[in-house]
Structures are given as structure tokens and as C-alpha cells.
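Quick look at start_26.txt (compact mmCIF, C-alpha atoms):
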```txt
# COMPACT_ATOMS: atom_id res chain seq x y z
CA MET A 8 26.31 18.40 133.92
CA LYS A 9 24.33 18.37 130.67
CA LYS A 10 21.31 19.87 132.43
CA HIS A 11 23.51 22.61 133.81
CA ILE A 12 24.88 23.43 130.34
CA ARG A 13 21.36 23.48 128.85
CA PHE A 14 20.26 25.88 131.57
CA ILE A 15 23.14 28.27 130.80
CA ILE A 16 22.36 28.20 127.05
CA VAL A 17 18.65 28.92 127.60
CA ALA A 18 19.42 31.72 130.05
CA GLY A 19 21.80 33.28 127.53
CA LEU A 20 19.20 33.19 124.76
CA VAL A 21 16.57 34.82 126.97
CA ALA A 22 19.00 37.54 128.04
CA GLY A 23 19.95 38.21 124.41
CA ALA A 24 16.32 38.52 123.38
CA LEU A 25 15.58 40.96 126.19
CA LEU A 26 18.63 43.02 125.30
CA GLY A 27 17.60 43.16 121.65
CA LEU A 28 14.09 44.27 122.61
CA TYR A 29 15.48 47.05 124.78
CA ALA A 30 17.80 48.23 122.03
CA GLY A 31 14.93 48.27 119.53
CA ARG A 32 12.82 50.41 121.84
CA SER A 33 15.75 52.71 122.45
CA TYR A 34 16.21 53.22 118.67
CA LEU A 35 12.52 53.94 118.13
CA SER A 36 12.46 56.51 120.91
CA ASN A 37 15.70 58.27 120.01
CA GLY A 38 16.06 57.79 116.28
CA ASP A 39 12.57 58.25 114.87
CA VAL A 40 13.21 59.90 111.51
CA SER A 41 9.57 60.85 111.09
CA GLY A 42 9.60 63.23 114.05
CA SER A 43 7.44 66.34 114.02
CA ARG A 44 8.65 69.42 112.15
CA HIS A 45 8.07 72.74 113.82
CA ALA A 46 6.83 75.95 112.26
CA TYR A 47 7.55 79.29 113.86
CA SER A 48 5.24 80.43 116.59
CA PRO A 49 5.57 83.13 119.24
CA THR A 50 6.04 80.39 121.83
CA ASN A 51 8.66 78.18 120.21
CA GLY A 52 10.59 80.98 118.51
CA LEU A 53 11.69 78.90 115.52
CA THR A 54 11.78 79.96 111.91
CA GLU A 55 11.31 77.83 108.84
CA GLN A 56 12.40 78.26 105.26
CA ALA A 57 9.49 76.45 103.61
CA PRO A 58 6.49 74.40 104.72
CA ALA A 59 7.66 71.63 107.05
CA GLU A 60 11.28 72.16 106.07
CA PRO A 61 13.74 73.24 108.81
CA ILE A 62 13.95 70.80 111.70
CA PRO A 63 15.28 72.21 114.99
CA THR A 64 16.67 68.83 115.97
CA THR A 65 18.94 66.29 114.33
CA SER A 66 18.08 62.83 113.09
CA PRO A 67 19.76 60.10 111.08
CA THR A 68 18.77 59.94 107.44
CA PRO A 69 16.34 57.11 106.63
CA LYS A 70 18.78 55.54 104.22
CA GLU A 71 22.51 56.12 103.99
CA PRO A 72 23.27 57.31 100.43
CA PRO A 73 26.33 55.95 98.67
CA ARG A 74 29.50 57.90 99.41
CA SER A 75 32.52 58.62 97.30
CA ASP A 76 35.05 55.79 97.45
CA GLY A 77 37.96 58.14 96.96
CA GLY A 78 38.00 57.83 93.18
CA GLU A 79 38.09 61.61 92.83
CA GLN A 80 40.77 63.73 94.42
CA GLY A 81 39.39 65.69 97.35
CA ASN A 82 36.41 63.42 98.03
CA LYS A 83 38.25 60.76 99.98
CA THR A 84 37.34 62.20 103.36
CA THR A 85 33.55 62.13 102.83
CA VAL A 86 33.48 58.36 103.36
CA THR A 87 34.21 58.85 107.06
CA LEU A 88 32.20 62.02 107.69
CA SER A 89 28.90 62.01 109.53
CA ASN A 90 25.76 62.09 107.40
CA THR A 91 23.44 62.85 110.31
CA ARG A 92 20.83 65.26 109.00
CA HIS A 93 20.62 68.65 110.71
CA GLY A 94 17.76 71.08 110.16
CA TRP A 95 18.14 74.82 110.49
CA GLY A 96 16.23 76.50 113.31
CA ILE A 97 16.81 79.90 114.89
CA LYS A 98 15.57 80.97 118.31
CA ARG A 99 14.60 84.62 118.19
CA ASN A 100 15.08 87.21 120.91
CA ASP A 101 13.47 90.59 121.35
CA ASN A 102 16.51 92.70 122.22
CA HIS A 103 18.19 92.91 118.80
CA GLN A 104 21.02 90.60 119.85
CA GLN A 105 22.44 87.89 117.61
CA PRO A 106 20.62 84.56 118.00
CA GLU A 107 22.40 81.92 120.03
CA MET A 108 23.97 78.95 118.28
CA PRO A 109 25.49 75.89 120.00
CA LYS A 110 29.27 75.85 119.83
CA GLY A 111 29.34 72.44 118.19
CA ILE A 112 27.25 73.69 115.27
CA ARG A 113 29.28 76.88 114.95
CA ASP A 114 32.51 74.90 114.89
CA THR A 115 31.22 72.50 112.22
CA LEU A 116 30.01 75.34 110.00
CA ALA A 117 33.30 77.20 110.37
CA ARG A 118 35.28 74.06 109.49
CA TYR A 119 33.66 74.04 106.04
CA ASP A 120 33.42 77.82 105.50
CA ALA A 121 29.64 77.91 105.92
CA PHE A 122 27.98 81.16 106.97
CA TRP A 123 24.79 82.05 108.81
CA ILE A 124 25.57 85.45 110.34
CA GLY A 125 28.04 88.32 110.18
CA SER A 126 30.11 90.16 112.76
CA PRO A 127 28.44 91.00 116.08
CA GLY A 128 30.38 94.26 116.18
CA GLU A 129 29.06 95.81 112.96
CA LYS A 130 25.62 97.17 112.12
CA VAL A 131 25.62 95.34 108.80
CA LEU A 132 22.79 93.42 107.12
CA TYR A 133 22.96 90.83 104.33
CA LEU A 134 19.77 90.48 102.29
CA THR A 135 18.96 87.23 100.47
CA PHE A 136 15.96 85.84 98.60
CA ASP A 137 15.03 82.27 97.73
CA GLU A 138 13.59 81.79 94.23
CA GLY A 139 12.02 78.39 93.63
CA TYR A 140 9.47 79.72 91.16
CA GLU A 141 8.23 83.10 89.99
CA ASN A 142 5.08 84.42 91.60
CA GLY A 143 5.07 87.80 89.88
CA TYR A 144 6.88 89.84 92.54
CA THR A 145 10.57 89.66 91.58
CA PRO A 146 10.42 92.57 89.08
CA LYS A 147 9.01 94.82 91.82
CA ILE A 148 11.62 93.55 94.30
CA LEU A 149 14.37 94.43 91.83
CA ASP A 150 12.84 97.87 91.30
CA ILE A 151 12.84 98.52 95.06
CA LEU A 152 16.41 97.31 95.50
CA LYS A 153 17.58 99.52 92.65
CA ALA A 154 15.75 102.57 94.01
CA ASN A 155 17.40 102.05 97.41
CA ASN A 156 20.82 101.11 96.00
CA VAL A 157 20.84 97.78 97.87
CA LYS A 158 22.51 94.68 96.47
CA ALA A 159 21.04 91.31 97.43
CA ALA A 160 21.57 87.63 96.70
CA PHE A 161 18.99 85.50 94.89
CA PHE A 162 19.18 81.71 95.31
CA VAL A 163 17.62 80.08 92.25
CA THR A 164 16.62 76.56 91.34
CA GLY A 165 17.14 75.00 87.93
CA HIS A 166 13.46 75.51 87.20
CA TYR A 167 13.79 79.22 87.90
CA VAL A 168 16.76 79.69 85.57
CA LYS A 169 14.95 77.82 82.80
CA SER A 170 11.62 79.59 83.21
CA GLN A 171 12.83 83.13 84.06
CA PRO A 172 16.01 83.79 82.06
CA ASP A 173 15.29 87.49 81.64
CA LEU A 174 14.89 88.03 85.37
CA VAL A 175 18.09 86.12 86.10
CA LYS A 176 19.95 88.25 83.57
CA ARG A 177 18.47 91.38 85.13
CA MET A 178 19.68 90.29 88.59
CA VAL A 179 23.21 90.01 87.26
CA ALA A 180 23.04 93.22 85.23
CA GLU A 181 21.93 95.18 88.32
CA GLY A 182 24.78 93.90 90.46
CA HIS A 183 23.09 91.23 92.53
CA ILE A 184 24.57 87.85 93.40
CA VAL A 185 22.82 84.79 92.01
CA GLY A 186 23.34 81.69 94.13
CA ASN A 187 22.59 78.00 93.69
CA HIS A 188 19.48 76.43 95.24
CA THR A 189 19.98 73.10 93.38
CA MET A 190 18.31 71.68 90.31
CA ASN A 191 15.51 69.70 92.00
CA HIS A 192 15.52 70.94 95.61
CA PRO A 193 16.38 67.65 97.36
CA SER A 194 17.43 67.33 100.98
CA LEU A 195 21.17 66.98 100.41
CA PRO A 196 21.85 64.38 103.15
CA ASP A 197 19.49 62.04 101.28
CA VAL A 198 21.52 61.99 98.06
CA SER A 199 24.98 60.71 97.15
CA ASP A 200 28.12 62.77 96.63
CA GLU A 201 27.76 62.35 92.88
CA GLN A 202 24.10 63.37 92.94
CA ILE A 203 24.97 66.51 94.92
CA LYS A 204 27.57 67.36 92.29
CA LYS A 205 25.00 66.86 89.54
CA GLU A 206 22.37 68.97 91.36
CA LEU A 207 24.75 71.91 91.65
CA GLN A 208 26.55 71.69 88.34
CA SER A 209 23.30 71.38 86.38
CA VAL A 210 22.15 74.76 87.69
CA GLU A 211 25.56 76.33 87.27
CA THR A 212 25.79 75.14 83.66
CA LEU A 213 22.45 76.78 82.86
CA PHE A 214 23.45 79.97 84.68
CA THR A 215 26.89 80.23 83.08
CA LYS A 216 25.46 79.65 79.60
CA LEU A 217 22.92 82.40 80.25
CA THR A 218 25.14 85.01 81.92
CA GLY A 219 28.77 83.98 81.43
CA GLN A 220 29.26 83.98 85.21
CA LYS A 221 30.04 81.28 87.76
CA MET A 222 28.26 80.47 91.01
CA ARG A 223 29.97 80.29 94.39
CA TYR A 224 27.17 80.41 96.99
CA LEU A 225 24.72 77.64 97.91
CA ARG A 226 21.58 77.66 100.01
CA PRO A 227 20.89 74.05 100.98
CA PRO A 228 17.29 73.09 100.19
CA LYS A 229 15.08 73.12 103.29
CA GLY A 230 18.08 74.29 105.31
CA GLU A 231 19.05 70.64 105.77
CA TYR A 232 22.68 69.57 105.82
CA SER A 233 25.16 67.09 107.26
CA GLU A 234 28.89 67.28 107.80
CA ARG A 235 29.26 65.19 104.64
CA THR A 236 27.21 67.60 102.52
CA LEU A 237 29.10 70.61 103.88
CA ALA A 238 32.37 68.92 102.88
CA VAL A 239 31.19 67.80 99.43
CA THR A 240 29.73 71.19 98.48
CA ARG A 241 32.79 73.04 99.76
CA GLN A 242 35.02 70.77 97.67
CA LEU A 243 32.89 71.80 94.69
CA GLY A 244 33.77 75.43 95.39
CA TYR A 245 30.60 76.52 97.19
CA TYR A 246 30.04 78.45 100.40
CA ASN A 247 26.92 77.22 102.21
CA ILE A 248 24.75 80.19 103.20
CA PHE A 249 22.17 79.76 105.96
CA TRP A 250 20.44 82.62 107.80
CA SER A 251 19.90 84.33 111.16
CA LEU A 252 16.56 86.00 110.41
CA ALA A 253 13.67 84.57 108.42
CA LEU A 254 9.89 84.72 108.27
CA VAL A 255 7.01 82.36 107.65
CA ASP A 256 6.48 84.21 104.39
CA TRP A 257 5.88 81.49 101.81
CA VAL A 258 2.17 81.75 102.69
CA PRO A 259 0.15 84.95 103.13
CA MET A 260 0.69 86.47 106.57
CA PRO A 261 -2.39 87.17 108.70
CA GLY A 262 -1.18 90.72 109.24
CA GLY A 263 -0.12 91.26 105.63
CA ALA A 264 2.70 93.63 104.77
CA GLN A 265 2.67 95.22 108.21
CA GLU A 266 3.40 91.86 109.83
CA ALA A 267 6.25 91.25 107.38
CA TYR A 268 7.69 94.69 108.15
CA GLN A 269 7.36 94.34 111.92
CA SER A 270 8.77 90.81 111.97
CA VAL A 271 11.94 91.97 110.25
CA MET A 272 12.36 95.24 112.15
CA ASP A 273 11.73 93.66 115.55
CA ASN A 274 14.44 91.08 114.94
CA LEU A 275 17.21 93.08 113.26
CA HIS A 276 20.63 92.50 114.78
CA ASN A 277 24.25 93.14 113.90
CA GLY A 278 25.38 90.88 111.08
CA ALA A 279 21.86 89.67 110.31
CA LEU A 280 21.71 87.38 107.30
CA ILE A 281 18.11 87.84 106.21
CA LEU A 282 16.17 85.24 104.25
CA LEU A 283 13.01 86.33 102.42
CA HIS A 284 11.00 84.42 99.85
CA ALA A 285 10.38 86.31 96.63
CA VAL A 286 7.00 84.61 96.22
CA SER A 287 5.66 86.74 99.08
CA LYS A 288 3.38 89.66 98.30
CA ASP A 289 3.64 90.77 101.93
CA ASP A 290 7.45 90.91 101.83
CA THR A 291 7.38 92.79 98.54
CA GLU A 292 4.98 95.43 99.83
CA ALA A 293 7.01 95.85 103.04
CA LEU A 294 10.46 95.84 101.42
CA ASP A 295 10.87 99.55 100.68
CA ARG A 296 10.00 100.50 104.28
CA ILE A 297 12.31 97.81 105.65
CA LEU A 298 15.27 99.08 103.65
CA LYS A 299 14.69 102.72 104.49
CA ASP A 300 13.94 102.21 108.18
CA ALA A 301 16.84 99.79 108.69
CA ARG A 302 19.17 102.48 107.37
CA ALA A 303 17.49 105.04 109.61
CA ARG A 304 18.46 102.83 112.55
CA GLY A 305 22.08 102.96 111.47
CA TYR A 306 22.36 99.68 109.57
CA THR A 307 24.15 99.33 106.24
CA PHE A 308 23.64 96.65 103.61
CA LYS A 309 26.53 94.57 102.34
CA THR A 310 26.86 91.54 100.05
CA LEU A 311 27.82 87.92 100.54
CA ASP A 312 31.12 88.75 98.85
CA ASP A 313 31.77 91.20 101.68
CA LEU A 314 30.76 88.59 104.26
CA VAL A 315 33.13 85.95 102.89
CA ALA A 316 35.95 88.44 102.35
CA GLY A 317 35.75 89.42 106.02
CA LYS A 318 36.13 85.83 107.21
```
How does the structure come out when it is put into C-alpha cells?
Amino acid sequence: MKKHIRFIIVAGLVAGALLGLYAGRSYLSNGDVSGSRHAYSPTNGLTEQAPAEPIPTTSPTPKEPPRSDGGEQGNKTTVTLSNTRHGWGIKRNDNHQQPEMPKGIRDTLARYDAFWIGSPGEKVLYLTFDEGYENGYTPKILDILKANNVKAAFFVTGHYVKSQPDLVKRMVAEGHIVGNHTMNHPSLPDVSDEQIKKELQSVETLFTKLTGQKMRYLRPPKGEYSERTLAVTRQLGYYNIFWSLALVDWVPMPGGAQEAYQSVMDNLHNGALILLHAVSKDDTEALDRILKDARARGYTFKTLDDLVAGK
């Protein structure tokens, strides 16, 4: 009897060890948070916002940041929301149709009033620029926008507001929207609810002191988000703004301004929310042609205020 019991115990331990080994291998194969990050190429059709930033897959964050414990009204739900990190990737097509987006992602974005594209039934474009630092091209960009009577949105970091106050004031004076790109450009799923609040409010405080205006639009750094970050930022009054057309423009393009021009024109579609980086010489040199030729094709330019109002 005792031998029989010992045999059962040993067999159970061996089975448990094998099960644990299998589970460990399963986690490493399915949950590797260091997975490769894909740049755009003609074969994979993905676009990125910055070097090694958007990830066209999802992965759990390496470390779960502390959540709100419900101490503040409106934040109670974030404790139970998923913090799985999602990267932003768009698959292009060559027939000027809106890019496809899985229904699950569309539903999650809509739940928290996040935007990435406009109406498929209107030939409308929404032009946005990311401004992490000044590379000498924003004054020319503003000149071109003014000459073409196009209003855009500029997403600025805290560094940009501090280092380029005159340009920020000019953006506002000329009727452009200035959005929040966070103080320090962290991946939002990696930081706590309170840190997200600090990242956004620090920029907004600088901006409001400088211009007297508030901010209401956010571009998540690196295009990375989770359901938790969408909820937290919406509770803070922000609309998350992603994109449906972007370029690998944070580095010089092999084809220069012509490549920038062709990449935009070949991928225009109804409701396109265009992301350009203001550090790009190629984008700047192509911008006037893009604006004029897009209009010649029957497109009109509207603002993020128009996009949100039409929700």
C-alpha cells in the first residue's frame, strides 16, 4: 500500500514538472515581448511613425504598471481593463481605398472615441505633423500651409514647447491645432495612470501658459496603446489620434522629395488621416505639390475638429 502511494506521488510530481515545462515554452513562443519590429517595405506594406516604433502585432507589456485603485472619480474602471500593448500598423493598398482594420480594433477605438480615419464616403483629408524637435523646416511648412489655406494639426512634445515657443504661438495664430505628444515620449502602456496624467498635463500646462488655449487631441508616442491607456487619456479629456497614411520620413528618403510626393499621392483615400514628420526635408519640399495636386483630384482638407464633430 505504501509503495503504491509513493508511486502515485512520484508520478504526480513528474507530470507537474512536464506540464510546467510545456507552459514555459508556450509563453516564450507566444509572449516574447522582444519580438521584431517591422519597418515599411513594399512587401510587408506596413508604416511606422518613428524608428522601430509601431508594432503590427500585440504583446503583453514587460511589467504591469500600477493602476488606479479607484481613488479618483472616473478612474475606477482602469483596474480591470486590459493593458496589452498594441502597436499601430497600416497595410497599404494601391487602389485608393481605405486601409482595412480588424473589427475588434475598430470597436475598441470607437469605445474610447479614438480616431484613425474619416468617412469613406467623403473626399476629405486630415493633415497632421509630429513635432518631437525642430529640424529647421517648420517655418517653411507653415508658410506653405498658409499659402494654400490649409489648416493642420501639430503634435508637440514638452521639449518642443519649451524650445520653440515662437513657432508654437505661430501655429495657434495661423489657425492650426496643436495637440499633445506627451512630455517625455514614453510608451503609454509602460507607465501608470498617474504617470500618464503627468505626461499630458505637463505639456498642456506649458502650452496653456504660452497661448491661453487648452489641448484636446493626443497622438500616443510610437503609436502604442492599450485599452487602459485609451480609457485613461479619454477620461483626461483627450481624443487619441492615430493615422491611416504615413511615410518612413524621419530619415532621408532615397528618392528625396519625389518619393515623399509619390508615396502620399499613391495612397490617398477618402477620409485619410495623414501623418508627416516635420523634421523631414523631403516632406517639406514635396508639401506644396501634395496640397495642390490633392485638391486637383477633388479632395478637400478639413481639421480634427471637423473629424470629431462628425462622429
Excluding range 105-121 of chain A and its own-chain neighbours fewer than 4 positions away, which residues fall within 8 Å of it when counting only C-alpha atoms? Please give them as a PyMOL selection string. chain A and resi 97-100+127+234+237-238+241+246-249+251+276-279
Can you pull out the residues contacting Arg302 in chain A? Cut-off 12 Å, using all atoms listed in the file, and skip same-chain residues under 2 positions away; I want them as an NGL selection string. :A and (130-132 or 155-157 or 272 or 275 or 295-300 or 304-309)
Long-range neighbours of Gly219 in chain A as number ranges by chain, 12 Å cut-off, all atoms listed in the file, 4 positions minimum in chain: A: 175-176, 179-180, 211-215
For the atom pair CA of Gly94 in chain A and CA of Ala253 in chain A, what is the interatomic distance in Å to one decimal place? 14.2 Å
List the neighbours of Tyr245 in chain A out to 8 Å using all atoms listed in the file; skip same-chain residues closer than 3 positions along the sequence, and give me the result as a ChimeraX atom specification. /A:222-225,240-242
Work out how far apart CA of Thr145 in chain A and CA of Ile281 in chain A are and give it in Å to one decimal.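 Taking CA of Thr145 in chain A as the start and CA of Ile281 in chain A as the end point, the length is 16.6 Å.
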List as a list of chain:residue names the protein and nucleic acid residues near Gln265 in chain A, meaning an atom at most 12 Å away when all atoms listed in the file are counted, but skip any in the same chain fewer than 6 places from it.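 That gives A:Pro259, A:Val271, A:Met272, A:Asp273, A:Lys288, A:Asp289, A:Asp290, A:Thr291, A:Glu292, A:Ala293, A:Leu294, A:Asp295, A:Arg296, A:Ile297.
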Between CA of Phe136 in chain A and CA of Asn191 in chain A, what is the spacing in Å?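 Computed distance, CA of Asn191 in chain A to CA of Phe136 in chain A, equals 17.4 Å.
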Shortest interatomic distance to Phe161 in chain A - which of A:Leu282, A:Leu243, A:Leu195, A:Leu254, counting all atoms listed in the file: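 Nearest candidate to Phe161 in chain A out of A:Leu282, A:Leu243, A:Leu195, A:Leu254: A:Leu282.
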Which one is closest to Val86 in chain A: A:Thr236, A:Asp256, A:Tyr268, A:Lys229? Count only C-alpha atoms.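 Smallest distance to Val86 in chain A is found for A:Thr236.
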Restricting the calculation to only C-alpha atoms: of A:Leu283, A:Asp312, A:Ser194, A:Gln171, which residue gets closest to Gly143 in chain A?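 The shortest atom-to-atom distance to Gly143 in chain A comes from A:Gln171.
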Residue with smallest distance to Asn142 in chain A - pool A:Val286, A:Ala154, A:Ile203, A:Ala264, counting only C-alpha atoms: A:Val286
Considering all atoms listed in the file, state which residue in the set A:Arg235, A:Thr189, A:His284, A:Val255 is at the smallest distance from Thr87 in chain A.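 Using all atoms listed in the file, the shortest distance to Thr87 in chain A belongs to A:Arg235.
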Using all atoms listed in the file: which of A:Asp150, A:Glu201, A:Glu141, A:Glu181 has the shortest distance to Lys169 in chain A: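 Smallest separation from Lys169 in chain A among the options: A:Glu141.
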